[in-house]
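Here's model23.json, which has JSON, C-alpha atoms:
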[["chain", "number", "residue", "atom", "x", "y", "z"],
["A", 1, "SER", "CA", 136.33, 13.10, 115.86],
["A", 2, "GLN", "CA", 132.96, 13.13, 114.14],
["A", 3, "GLN", "CA", 133.27, 16.75, 113.08],
["A", 4, "GLY", "CA", 133.68, 17.72, 109.48],
["A", 5, "GLU", "CA", 136.35, 20.09, 108.27],
["A", 6, "GLU", "CA", 135.59, 22.81, 105.75],
["A", 7, "ASP", "CA", 137.94, 24.07, 103.12],
["A", 8, "PRO", "CA", 138.84, 26.82, 102.43],
["A", 9, "GLN", "CA", 138.64, 28.58, 105.78],
["A", 10, "ALA", "CA", 137.97, 31.88, 104.02],
["A", 11, "LEU", "CA", 136.83, 32.79, 100.54],
["A", 12, "SER", "CA", 136.39, 36.18, 98.92],
["A", 13, "ILE", "CA", 134.67, 36.55, 95.53],
["A", 14, "GLN", "CA", 132.99, 39.17, 93.38],
["A", 15, "GLU", "CA", 129.22, 39.37, 93.17],
["A", 16, "GLY", "CA", 127.94, 37.17, 90.36],
["A", 17, "GLU", "CA", 130.73, 34.62, 90.66],
["A", 18, "ASN", "CA", 130.25, 31.08, 91.92],
["A", 19, "ALA", "CA", 131.51, 29.96, 95.31],
["A", 20, "THR", "CA", 132.52, 26.43, 96.15],
["A", 21, "MET", "CA", 133.34, 25.14, 99.60],
["A", 22, "ASN", "CA", 134.21, 21.64, 100.65],
["A", 23, "CYS", "CA", 133.67, 19.50, 103.70],
["A", 24, "SER", "CA", 135.67, 16.41, 104.58],
["A", 25, "TYR", "CA", 134.84, 14.03, 107.39],
["A", 26, "LYS", "CA", 136.27, 10.86, 108.89],
["A", 27, "THR", "CA", 133.42, 8.73, 110.17],
["A", 28, "SER", "CA", 130.53, 7.03, 108.40],
["A", 29, "ILE", "CA", 127.49, 9.23, 108.11],
["A", 30, "ASN", "CA", 123.73, 8.95, 107.98],
["A", 31, "ASN", "CA", 123.39, 12.42, 106.56],
["A", 32, "LEU", "CA", 125.28, 15.64, 106.03],
["A", 33, "GLN", "CA", 123.78, 19.08, 106.35],
["A", 34, "TRP", "CA", 124.91, 22.56, 105.37],
["A", 35, "TYR", "CA", 124.11, 25.65, 107.41],
["A", 36, "ARG", "CA", 124.75, 29.36, 107.04],
["A", 37, "GLN", "CA", 125.38, 31.77, 109.86],
["A", 38, "ASN", "CA", 125.44, 35.53, 109.75],
["A", 39, "SER", "CA", 124.91, 38.17, 112.38],
["A", 40, "GLY", "CA", 121.51, 39.13, 111.07],
["A", 41, "ARG", "CA", 119.73, 35.79, 110.80],
["A", 42, "GLY", "CA", 121.69, 33.46, 113.05],
["A", 43, "LEU", "CA", 122.26, 29.85, 112.04],
["A", 44, "VAL", "CA", 120.01, 28.74, 109.18],
["A", 45, "HIS", "CA", 119.63, 25.31, 107.61],
["A", 46, "LEU", "CA", 120.38, 25.17, 103.88],
["A", 47, "ILE", "CA", 120.33, 21.59, 102.63],
["A", 48, "LEU", "CA", 120.29, 18.06, 104.04],
["A", 49, "ILE", "CA", 121.70, 15.23, 101.95],
["A", 50, "ARG", "CA", 121.40, 11.63, 103.07],
["A", 51, "SER", "CA", 124.12, 9.03, 102.66],
["A", 52, "ASN", "CA", 122.31, 7.32, 99.77],
["A", 53, "GLU", "CA", 122.06, 10.56, 97.79],
["A", 54, "ARG", "CA", 124.76, 12.02, 95.58],
["A", 55, "GLU", "CA", 123.45, 15.48, 94.70],
["A", 56, "LYS", "CA", 120.76, 17.92, 95.81],
["A", 57, "HIS", "CA", 119.70, 21.32, 94.63],
["A", 58, "SER", "CA", 117.90, 24.17, 96.29],
["A", 59, "GLY", "CA", 117.60, 27.39, 94.33],
["A", 60, "ARG", "CA", 121.14, 28.64, 93.72],
["A", 61, "LEU", "CA", 122.63, 25.97, 95.96],
["A", 62, "ARG", "CA", 123.99, 22.64, 94.84],
["A", 63, "VAL", "CA", 125.36, 20.05, 97.25],
["A", 64, "THR", "CA", 127.22, 16.90, 96.30],
["A", 65, "LEU", "CA", 128.18, 13.99, 98.50],
["A", 66, "ASP", "CA", 130.86, 11.40, 97.83],
["A", 67, "THR", "CA", 130.77, 8.85, 100.63],
["A", 68, "SER", "CA", 133.70, 6.91, 99.16],
["A", 69, "LYS", "CA", 135.88, 9.99, 99.56],
["A", 70, "LYS", "CA", 134.09, 11.12, 102.72],
["A", 71, "SER", "CA", 133.57, 14.56, 101.29],
["A", 72, "SER", "CA", 130.84, 16.99, 100.32],
["A", 73, "SER", "CA", 130.80, 20.25, 98.44],
["A", 74, "LEU", "CA", 128.48, 23.24, 98.48],
["A", 75, "LEU", "CA", 128.23, 25.35, 95.35],
["A", 76, "ILE", "CA", 126.56, 28.75, 95.42],
["A", 77, "THR", "CA", 125.93, 30.06, 91.93],
["A", 78, "ALA", "CA", 125.61, 33.71, 90.92],
["A", 79, "SER", "CA", 126.57, 34.90, 94.38],
["A", 80, "ARG", "CA", 125.09, 38.02, 95.96],
["A", 81, "ALA", "CA", 126.35, 40.32, 98.66],
["A", 82, "ALA", "CA", 123.65, 38.86, 100.92],
["A", 83, "ASP", "CA", 125.40, 35.47, 100.68],
["A", 84, "THR", "CA", 128.22, 36.87, 102.83],
["A", 85, "ALA", "CA", 128.24, 34.57, 105.86],
["A", 86, "SER", "CA", 129.95, 31.60, 107.45],
["A", 87, "TYR", "CA", 129.00, 28.21, 106.05],
["A", 88, "PHE", "CA", 129.15, 25.03, 108.09],
["A", 89, "CYS", "CA", 128.74, 21.38, 107.30],
["A", 90, "ALA", "CA", 127.29, 19.12, 109.98],
["A", 91, "THR", "CA", 127.64, 15.35, 109.96],
["A", 92, "ASN", "CA", 125.04, 13.11, 111.54],
["A", 93, "GLN", "CA", 122.99, 16.06, 112.72],
["A", 94, "PHE", "CA", 125.17, 17.24, 115.56],
["A", 95, "TYR", "CA", 128.80, 17.54, 114.53],
["A", 96, "PHE", "CA", 129.70, 20.84, 112.94],
["A", 97, "GLY", "CA", 132.89, 21.77, 111.15],
["A", 98, "THR", "CA", 134.81, 24.97, 111.76],
["A", 99, "GLY", "CA", 133.23, 26.72, 108.81],
["A", 100, "THR", "CA", 134.10, 28.64, 105.67],
["A", 101, "SER", "CA", 133.85, 32.40, 105.86],
["A", 102, "LEU", "CA", 132.50, 33.68, 102.55],
["A", 103, "THR", "CA", 132.71, 37.34, 101.57],
["A", 104, "VAL", "CA", 130.90, 38.45, 98.43],
["A", 105, "ILE", "CA", 132.11, 41.83, 97.23],
["A", 106, "PRO", "CA", 129.46, 43.99, 95.53],
["B", 107, "LYS", "CA", 104.78, 28.99, 113.48],
["B", 108, "ALA", "CA", 106.86, 30.88, 115.98],
["B", 109, "GLY", "CA", 110.56, 30.12, 115.84],
["B", 110, "VAL", "CA", 112.86, 28.75, 118.51],
["B", 111, "THR", "CA", 113.16, 31.11, 121.44],
["B", 112, "GLN", "CA", 115.92, 31.26, 124.00],
["B", 113, "THR", "CA", 116.06, 33.16, 127.26],
["B", 114, "PRO", "CA", 117.84, 35.09, 128.44],
["B", 115, "ARG", "CA", 119.65, 36.54, 125.44],
["B", 116, "TYR", "CA", 122.57, 37.85, 127.47],
["B", 117, "LEU", "CA", 123.95, 36.79, 130.82],
["B", 118, "ILE", "CA", 126.93, 37.81, 132.90],
["B", 119, "LYS", "CA", 128.07, 35.54, 135.71],
["B", 120, "THR", "CA", 131.18, 35.13, 137.85],
["B", 121, "ARG", "CA", 133.37, 32.08, 138.24],
["B", 122, "GLY", "CA", 131.94, 29.44, 140.51],
["B", 123, "GLN", "CA", 128.32, 30.41, 139.97],
["B", 124, "GLN", "CA", 125.79, 28.30, 138.16],
["B", 125, "VAL", "CA", 123.48, 29.26, 135.32],
["B", 126, "THR", "CA", 120.29, 27.94, 133.74],
["B", 127, "LEU", "CA", 119.38, 28.67, 130.14],
["B", 128, "SER", "CA", 115.99, 28.04, 128.62],
["B", 129, "CYS", "CA", 114.86, 27.01, 125.15],
["B", 130, "SER", "CA", 111.36, 26.78, 123.72],
["B", 131, "PRO", "CA", 111.25, 24.75, 120.51],
["B", 132, "ILE", "CA", 109.00, 25.20, 117.52],
["B", 133, "SER", "CA", 105.52, 23.94, 118.28],
["B", 134, "GLY", "CA", 105.32, 20.23, 117.53],
["B", 135, "HIS", "CA", 109.07, 19.64, 117.59],
["B", 136, "ARG", "CA", 110.04, 17.02, 120.13],
["B", 137, "SER", "CA", 113.81, 17.12, 119.75],
["B", 138, "VAL", "CA", 115.92, 19.86, 121.30],
["B", 139, "SER", "CA", 119.70, 20.02, 120.96],
["B", 140, "TRP", "CA", 122.18, 22.32, 122.67],
["B", 141, "TYR", "CA", 125.45, 23.66, 121.32],
["B", 142, "GLN", "CA", 128.29, 25.79, 122.58],
["B", 143, "GLN", "CA", 129.90, 28.17, 120.09],
["B", 144, "THR", "CA", 133.26, 29.84, 120.71],
["B", 145, "PRO", "CA", 135.75, 31.44, 118.33],
["B", 146, "GLY", "CA", 138.39, 28.86, 119.21],
["B", 147, "GLN", "CA", 136.39, 25.62, 119.24],
["B", 148, "GLY", "CA", 133.55, 26.46, 116.88],
["B", 149, "LEU", "CA", 130.18, 24.79, 117.31],
["B", 150, "GLN", "CA", 130.36, 21.97, 119.82],
["B", 151, "PHE", "CA", 127.46, 19.59, 120.46],
["B", 152, "LEU", "CA", 126.39, 19.35, 124.10],
["B", 153, "PHE", "CA", 123.36, 17.04, 124.13],
["B", 154, "GLU", "CA", 120.04, 16.23, 122.53],
["B", 155, "TYR", "CA", 116.75, 15.58, 124.26],
["B", 156, "PHE", "CA", 113.85, 13.78, 122.65],
["B", 157, "SER", "CA", 110.58, 13.12, 124.46],
["B", 158, "GLU", "CA", 112.12, 14.12, 127.80],
["B", 159, "THR", "CA", 115.04, 11.70, 127.46],
["B", 160, "GLN", "CA", 118.64, 12.50, 126.67],
["B", 161, "ARG", "CA", 119.18, 10.67, 123.42],
["B", 162, "ASN", "CA", 122.62, 11.85, 122.37],
["B", 163, "LYS", "CA", 125.48, 13.44, 124.24],
["B", 164, "GLY", "CA", 128.62, 15.29, 123.23],
["B", 165, "ASN", "CA", 131.94, 15.36, 125.01],
["B", 166, "PHE", "CA", 131.42, 17.90, 127.78],
["B", 167, "PRO", "CA", 132.06, 17.49, 131.50],
["B", 168, "GLY", "CA", 129.29, 16.68, 133.93],
["B", 169, "ARG", "CA", 129.02, 20.35, 134.93],
["B", 170, "PHE", "CA", 126.90, 20.69, 131.83],
["B", 171, "SER", "CA", 123.48, 19.14, 132.21],
["B", 172, "GLY", "CA", 120.07, 19.51, 130.72],
["B", 173, "ARG", "CA", 116.51, 18.40, 130.89],
["B", 174, "GLN", "CA", 113.37, 18.48, 128.81],
["B", 175, "PHE", "CA", 109.83, 18.96, 129.99],
["B", 176, "SER", "CA", 106.65, 17.33, 128.76],
["B", 177, "ASN", "CA", 105.88, 20.36, 126.59],
["B", 178, "SER", "CA", 109.31, 19.89, 124.90],
["B", 179, "ARG", "CA", 110.77, 23.03, 126.44],
["B", 180, "SER", "CA", 114.33, 22.43, 127.52],
["B", 181, "GLU", "CA", 116.74, 23.87, 130.05],
["B", 182, "MET", "CA", 120.49, 23.65, 130.19],
["B", 183, "ASN", "CA", 122.41, 24.09, 133.41],
["B", 184, "VAL", "CA", 126.08, 24.81, 133.90],
["B", 185, "SER", "CA", 127.41, 24.51, 137.42],
["B", 186, "THR", "CA", 130.65, 25.89, 138.86],
["B", 187, "LEU", "CA", 131.22, 28.24, 135.96],
["B", 188, "GLU", "CA", 134.72, 28.65, 134.55],
["B", 189, "LEU", "CA", 136.09, 31.47, 132.43],
["B", 190, "GLY", "CA", 136.23, 29.09, 129.48],
["B", 191, "ASP", "CA", 132.47, 28.63, 129.60],
["B", 192, "SER", "CA", 132.04, 32.09, 128.10],
["B", 193, "ALA", "CA", 130.34, 31.38, 124.80],
["B", 194, "LEU", "CA", 127.22, 31.64, 122.70],
["B", 195, "TYR", "CA", 124.88, 28.81, 123.66],
["B", 196, "LEU", "CA", 122.54, 27.78, 120.90],
["B", 197, "CYS", "CA", 119.59, 25.51, 121.01],
["B", 198, "ALA", "CA", 117.95, 23.89, 118.03],
["B", 199, "SER", "CA", 114.71, 22.04, 117.57],
["B", 200, "SER", "CA", 113.75, 19.46, 115.01],
["B", 201, "ASP", "CA", 111.00, 17.04, 114.16],
["B", 202, "PRO", "CA", 112.86, 13.76, 113.81],
["B", 203, "LEU", "CA", 109.97, 11.41, 113.27],
["B", 204, "ALA", "CA", 109.14, 10.10, 109.81],
["B", 205, "GLY", "CA", 106.19, 7.91, 110.59],
["B", 206, "ALA", "CA", 107.38, 5.76, 113.47],
["B", 207, "THR", "CA", 111.04, 5.98, 112.52],
["B", 208, "TYR", "CA", 113.44, 8.37, 114.21],
["B", 209, "GLN", "CA", 115.66, 10.03, 111.64],
["B", 210, "TYR", "CA", 117.76, 13.11, 111.55],
["B", 211, "ASN", "CA", 116.19, 16.13, 109.91],
["B", 212, "GLU", "CA", 116.92, 19.80, 109.59],
["B", 213, "GLN", "CA", 117.40, 21.75, 112.77],
["B", 214, "PHE", "CA", 115.97, 25.17, 113.47],
["B", 215, "PHE", "CA", 118.21, 27.29, 115.65],
["B", 216, "GLY", "CA", 117.34, 29.93, 118.18],
["B", 217, "PRO", "CA", 119.20, 33.24, 118.44],
["B", 218, "GLY", "CA", 121.34, 31.99, 121.30],
["B", 219, "THR", "CA", 122.25, 33.08, 124.79],
["B", 220, "ARG", "CA", 125.50, 34.99, 125.10],
["B", 221, "LEU", "CA", 127.09, 33.94, 128.41],
["B", 222, "THR", "CA", 130.02, 35.90, 129.79],
["B", 223, "VAL", "CA", 131.85, 34.51, 132.81],
["B", 224, "LEU", "CA", 133.98, 37.02, 134.73]]

Let me see whether you can do it: turn the structure in this file into C-alpha coordinates.
Amino acid sequence: SQQGEEDPQALSIQEGENATMNCSYKTSINNLQWYRQNSGRGLVHLILIRSNEREKHSGRLRVTLDTSKKSSSLLITASRAADTASYFCATNQFYFGTGTSLTVIP
Amino acid sequence: KAGVTQTPRYLIKTRGQQVTLSCSPISGHRSVSWYQQTPGQGLQFLFEYFSETQRNKGNFPGRFSGRQFSNSRSEMNVSTLELGDSALYLCASSDPLAGATYQYNEQFFGPGTRLTVL
(Lines of atoms letter the chains of each structure in order from A and count residues from 1; the text may use other names and numbers.)
(Lines give C-alpha, C1' and ligand atoms only; values in the text may rest on other atoms or scores of the structure.)
Protein backbone atom coordinates (compact mmCIF):
# COMPACT_ATOMS: atom_id res chain seq x y z
CA SER A 1 0.00 0.00 0.00
CA GLN A 2 1.22 3.49 -0.78
CA GLN A 3 -0.74 5.06 2.04
CA GLY A 4 0.95 6.53 5.05
CA GLU A 5 -0.06 5.72 8.59
CA GLU A 6 -0.35 8.41 11.23
CA ASP A 7 0.44 8.00 14.87
CA PRO A 8 -1.15 8.60 17.31
CA GLN A 9 -4.71 8.13 16.08
CA ALA A 10 -5.94 10.67 18.61
CA LEU A 11 -4.24 13.36 20.65
CA SER A 12 -5.64 15.69 23.28
CA ILE A 13 -3.59 18.60 24.64
CA GLN A 14 -4.02 21.88 26.49
CA GLU A 15 -3.93 25.17 24.64
CA GLY A 16 -0.38 26.48 24.47
CA GLU A 17 1.22 23.05 24.43
CA ASN A 18 3.00 21.57 21.44
CA ALA A 19 1.51 18.74 19.40
CA THR A 20 3.53 16.18 17.50
CA MET A 21 2.14 13.63 15.10
CA ASN A 22 3.99 11.13 13.01
CA CYS A 23 3.53 9.53 9.62
CA SER A 24 5.16 6.31 8.49
CA TYR A 25 5.06 4.95 4.97
CA LYS A 26 6.34 1.93 3.09
CA THR A 27 7.13 2.96 -0.47
CA SER A 28 9.66 5.40 -1.90
CA ILE A 29 8.31 8.90 -2.20
CA ASN A 30 8.70 11.96 -4.36
CA ASN A 31 7.10 14.17 -1.76
CA LEU A 32 5.04 14.06 1.39
CA GLN A 33 2.31 16.53 2.25
CA TRP A 34 0.38 17.34 5.39
CA TYR A 35 -3.26 18.40 5.37
CA ARG A 36 -5.76 19.48 8.00
CA GLN A 37 -9.46 18.78 7.91
CA ASN A 38 -12.17 20.24 10.07
CA SER A 39 -15.87 20.67 9.59
CA GLY A 40 -15.61 24.39 9.05
CA ARG A 41 -12.91 24.67 6.39
CA GLY A 42 -12.76 21.23 4.80
CA LEU A 43 -9.43 19.76 3.76
CA VAL A 44 -6.62 22.32 3.68
CA HIS A 45 -3.03 21.91 2.57
CA LEU A 46 -0.42 22.72 5.24
CA ILE A 47 3.07 21.85 4.03
CA LEU A 48 4.72 19.95 1.18
CA ILE A 49 8.18 18.49 1.72
CA ARG A 50 10.09 16.89 -1.12
CA SER A 51 12.22 13.78 -0.79
CA ASN A 52 15.48 15.75 -0.93
CA GLU A 53 14.43 18.02 1.95
CA ARG A 54 14.76 17.23 5.63
CA GLU A 55 12.84 20.01 7.35
CA LYS A 56 10.36 22.75 6.50
CA HIS A 57 8.67 25.44 8.52
CA SER A 58 5.49 27.39 8.05
CA GLY A 59 4.44 29.67 10.87
CA ARG A 60 3.83 27.47 13.91
CA LEU A 61 4.26 24.29 11.87
CA ARG A 62 7.44 22.31 11.50
CA VAL A 63 7.69 19.21 9.33
CA THR A 64 10.61 16.80 9.23
CA LEU A 65 11.25 14.00 6.79
CA ASP A 66 13.54 11.02 7.28
CA THR A 67 13.54 8.99 4.08
CA SER A 68 15.89 6.38 5.56
CA LYS A 69 13.29 5.61 8.22
CA LYS A 70 10.37 6.29 5.87
CA SER A 71 8.81 8.64 8.36
CA SER A 72 7.74 12.24 8.78
CA SER A 73 6.60 14.29 11.72
CA LEU A 74 4.42 17.37 12.05
CA LEU A 75 4.98 19.64 15.03
CA ILE A 76 2.47 22.33 15.92
CA THR A 77 3.87 24.75 18.46
CA ALA A 78 1.86 26.84 20.93
CA SER A 79 -1.38 25.14 19.95
CA ARG A 80 -4.70 26.97 19.86
CA ALA A 81 -8.26 25.75 20.13
CA ALA A 82 -8.63 26.53 16.42
CA ASP A 83 -6.01 23.84 15.68
CA THR A 84 -8.57 21.19 16.67
CA ALA A 85 -8.91 19.07 13.53
CA SER A 86 -7.83 15.86 11.87
CA TYR A 87 -4.37 15.88 10.34
CA PHE A 88 -3.39 13.71 7.41
CA CYS A 89 -0.16 12.93 5.67
CA ALA A 90 -0.25 12.20 1.95
CA THR A 91 2.53 10.43 0.09
CA ASN A 92 3.20 11.10 -3.57
CA GLN A 93 0.27 13.49 -3.83
CA PHE A 94 -2.57 11.01 -3.75
CA TYR A 95 -2.19 8.52 -0.92
CA PHE A 96 -3.58 9.69 2.39
CA GLY A 97 -3.14 8.12 5.79
CA THR A 98 -5.97 7.53 8.23
CA GLY A 99 -5.23 10.70 10.16
CA THR A 100 -4.55 11.96 13.66
CA SER A 101 -7.46 13.56 15.46
CA LEU A 102 -6.14 16.50 17.48
CA THR A 103 -8.19 18.14 20.21
CA VAL A 104 -6.85 21.33 21.78
CA ILE A 105 -8.56 22.12 25.06
CA PRO A 106 -8.94 25.84 25.83
CA LYS B 1 -9.30 33.37 -7.33
CA ALA B 2 -12.43 31.39 -6.69
CA GLY B 3 -11.87 28.07 -4.96
CA VAL B 4 -12.72 24.57 -6.11
CA THR B 5 -16.45 24.09 -6.47
CA GLN B 6 -18.36 20.84 -6.45
CA THR B 7 -21.96 20.17 -7.36
CA PRO B 8 -24.23 18.98 -6.05
CA ARG B 9 -23.32 19.23 -2.38
CA TYR B 10 -25.74 16.51 -1.30
CA LEU B 11 -27.25 13.63 -3.20
CA ILE B 12 -29.48 10.73 -2.29
CA LYS B 13 -29.73 7.78 -4.65
CA THR B 14 -30.95 4.19 -4.48
CA ARG B 15 -29.02 1.02 -5.18
CA GLY B 16 -28.56 0.27 -8.85
CA GLN B 17 -28.82 3.87 -9.99
CA GLN B 18 -25.97 5.87 -11.43
CA VAL B 19 -24.71 9.28 -10.42
CA THR B 20 -22.58 12.04 -11.92
CA LEU B 21 -20.67 14.51 -9.78
CA SER B 22 -19.09 17.69 -11.06
CA CYS B 23 -15.97 19.59 -10.09
CA SER B 24 -14.74 22.98 -11.27
CA PRO B 25 -11.07 23.55 -10.45
CA ILE B 26 -9.34 26.78 -9.58
CA SER B 27 -8.82 28.87 -12.69
CA GLY B 28 -5.57 27.89 -14.37
CA HIS B 29 -5.28 24.52 -12.64
CA ARG B 30 -5.08 21.69 -15.13
CA SER B 31 -4.99 18.74 -12.74
CA VAL B 32 -8.12 17.44 -11.03
CA SER B 33 -8.11 14.51 -8.62
CA TRP B 34 -11.02 12.67 -7.05
CA TYR B 35 -11.19 11.00 -3.66
CA GLN B 36 -13.69 8.98 -1.69
CA GLN B 37 -13.81 9.56 2.07
CA THR B 38 -15.55 7.18 4.46
CA PRO B 39 -15.20 6.68 8.21
CA GLY B 40 -13.95 3.12 7.71
CA GLN B 41 -11.53 3.51 4.80
CA GLY B 42 -10.49 7.13 5.16
CA LEU B 43 -9.46 9.11 2.09
CA GLN B 44 -9.06 6.87 -0.92
CA PHE B 45 -7.67 8.09 -4.24
CA LEU B 46 -9.90 7.44 -7.23
CA PHE B 47 -8.14 9.04 -10.20
CA GLU B 48 -6.38 12.11 -11.50
CA TYR B 49 -6.97 13.91 -14.77
CA PHE B 50 -4.48 16.25 -16.36
CA SER B 51 -5.12 17.99 -19.67
CA GLU B 52 -8.16 15.79 -20.35
CA THR B 53 -6.22 12.55 -19.84
CA GLN B 54 -6.37 10.18 -16.91
CA ARG B 55 -2.85 10.31 -15.58
CA ASN B 56 -3.10 8.32 -12.37
CA LYS B 57 -5.61 5.83 -11.07
CA GLY B 58 -6.39 4.35 -7.68
CA ASN B 59 -7.72 0.91 -6.91
CA PHE B 60 -11.44 1.24 -7.53
CA PRO B 61 -13.67 -0.93 -9.72
CA GLY B 62 -14.63 0.09 -13.23
CA ARG B 63 -18.01 1.35 -11.98
CA PHE B 64 -16.12 4.48 -11.04
CA SER B 65 -15.14 6.56 -14.02
CA GLY B 66 -14.32 10.13 -14.79
CA ARG B 67 -13.51 12.59 -17.49
CA GLN B 68 -12.09 16.05 -17.89
CA PHE B 69 -13.15 18.71 -20.33
CA SER B 70 -11.03 21.20 -22.23
CA ASN B 71 -11.79 23.89 -19.63
CA SER B 72 -10.39 21.53 -16.93
CA ARG B 73 -13.79 20.93 -15.36
CA SER B 74 -14.17 17.31 -14.38
CA GLU B 75 -17.00 14.87 -13.83
CA MET B 76 -17.03 11.61 -11.95
CA ASN B 77 -19.58 8.91 -12.65
CA VAL B 78 -20.54 5.95 -10.53
CA SER B 79 -22.72 3.34 -12.15
CA THR B 80 -24.79 0.61 -10.49
CA LEU B 81 -24.59 2.21 -7.07
CA GLU B 82 -24.04 0.02 -4.02
CA LEU B 83 -24.73 0.82 -0.38
CA GLY B 84 -20.99 0.94 0.23
CA ASP B 85 -20.63 3.84 -2.19
CA SER B 86 -22.16 6.14 0.41
CA ALA B 87 -19.37 8.59 1.12
CA LEU B 88 -18.06 12.11 0.85
CA TYR B 89 -16.56 12.57 -2.61
CA LEU B 90 -13.87 15.20 -2.75
CA CYS B 91 -12.20 16.72 -5.71
CA ALA B 92 -8.95 18.63 -5.64
CA SER B 93 -7.19 20.78 -8.17
CA SER B 94 -3.53 21.58 -8.53
CA ASP B 95 -1.10 23.26 -10.86
CA PRO B 96 1.51 20.57 -11.41
CA LEU B 97 3.69 22.27 -13.96
CA ALA B 98 7.02 23.81 -12.99
CA GLY B 99 8.18 25.10 -16.32
CA ALA B 100 7.80 22.13 -18.63
CA THR B 101 8.18 19.55 -15.89
CA TYR B 102 5.21 17.82 -14.29
CA GLN B 103 5.66 17.64 -10.54
CA TYR B 104 3.39 17.14 -7.62
CA ASN B 105 2.30 20.27 -5.82
CA GLU B 106 -0.21 21.23 -3.20
CA GLN B 107 -3.80 20.34 -3.84
CA PHE B 108 -6.77 22.58 -3.19
CA PHE B 109 -9.86 20.69 -2.15
CA GLY B 110 -13.49 21.44 -2.76
CA PRO B 111 -16.16 21.09 -0.07
CA GLY B 112 -17.22 17.68 -1.35
CA THR B 113 -20.40 15.98 -2.43
CA ARG B 114 -22.10 13.90 0.24
CA LEU B 115 -23.61 10.86 -1.52
CA THR B 116 -26.06 8.64 0.32
CA VAL B 117 -27.11 5.38 -1.30
CA LEU B 118 -30.32 3.83 0.06

*asked:* Rounded to one decimal, what separation in Å do you get between CA of Ala90 (chain A) and CA of Leu149 (chain B)?
replied: 9.7 Å

*Please indicate the distance in Å from CA of Lys107 (chain B) to CA of Phe214 (chain B), rounded to one decimal place.*
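CA of Phe214 (chain B) lies at a distance of 11.8 Å from CA of Lys107 (chain B).
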
*Using only C-alpha atoms, determine which residues lie at most 9 Å from Tyr87 (chain A), disregarding the query and same-chain residues fewer than 4 positions distant; provide the list as a PyMOL selection string.*
chain A and resi 6+21+34-38+98-102

*Return the single residue from B:Val138, B:Leu189, B:Leu203, B:Leu117 that is closest to Leu224 (chain B), with distances computed using only C-alpha atoms.*
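Looking only at the distances to Leu224 (chain B), the closest residue turns out to be B:Leu189.
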
*Could you tell me which of B:Thr222, B:Asn211, B:Thr186, B:Ser176 comes closest to Arg121 (chain B) if we count all atoms listed in the file?*
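Nearest to Arg121 (chain B): B:Thr186.
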
I'd like the neighbourhood of Leu65 (chain A) as a PDB file with C-alpha atoms, in the frame of the given file, where a residue qualifies if any of its atoms comes within 10 Å (using only C-alpha atoms), though same-chain residues fewer than 5 positions away should be ignored.
ATOM      1  CA  ASN A  22     134.210  21.640 100.650  1.00  0.00           C
ATOM      2  CA  CYS A  23     133.670  19.500 103.700  1.00  0.00           C
ATOM      3  CA  SER A  24     135.670  16.410 104.580  1.00  0.00           C
ATOM      4  CA  ASN A  31     123.390  12.420 106.560  1.00  0.00           C
ATOM      5  CA  LEU A  32     125.280  15.640 106.030  1.00  0.00           C
ATOM      6  CA  ILE A  49     121.700  15.230 101.950  1.00  0.00           C
ATOM      7  CA  ARG A  50     121.400  11.630 103.070  1.00  0.00           C
ATOM      8  CA  SER A  51     124.120   9.030 102.660  1.00  0.00           C
ATOM      9  CA  ASN A  52     122.310   7.320  99.770  1.00  0.00           C
ATOM     10  CA  GLU A  53     122.060  10.560  97.790  1.00  0.00           C
ATOM     11  CA  ARG A  54     124.760  12.020  95.580  1.00  0.00           C
ATOM     12  CA  GLU A  55     123.450  15.480  94.700  1.00  0.00           C
ATOM     13  CA  LYS A  56     120.760  17.920  95.810  1.00  0.00           C
ATOM     14  CA  LYS A  70     134.090  11.120 102.720  1.00  0.00           C
ATOM     15  CA  SER A  71     133.570  14.560 101.290  1.00  0.00           C
ATOM     16  CA  SER A  72     130.840  16.990 100.320  1.00  0.00           C
ATOM     17  CA  SER A  73     130.800  20.250  98.440  1.00  0.00           C
ATOM     18  CA  LEU A  74     128.480  23.240  98.480  1.00  0.00           C
TER      19      LEU A  74
END

*asked:* Between CA of Pro167 (chain B) and CA of Tyr195 (chain B), what is the distance in Å, rounded to a tenth?
replied: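 Taking CA of Pro167 (chain B) and CA of Tyr195 (chain B), their separation equals 15.5 Å.
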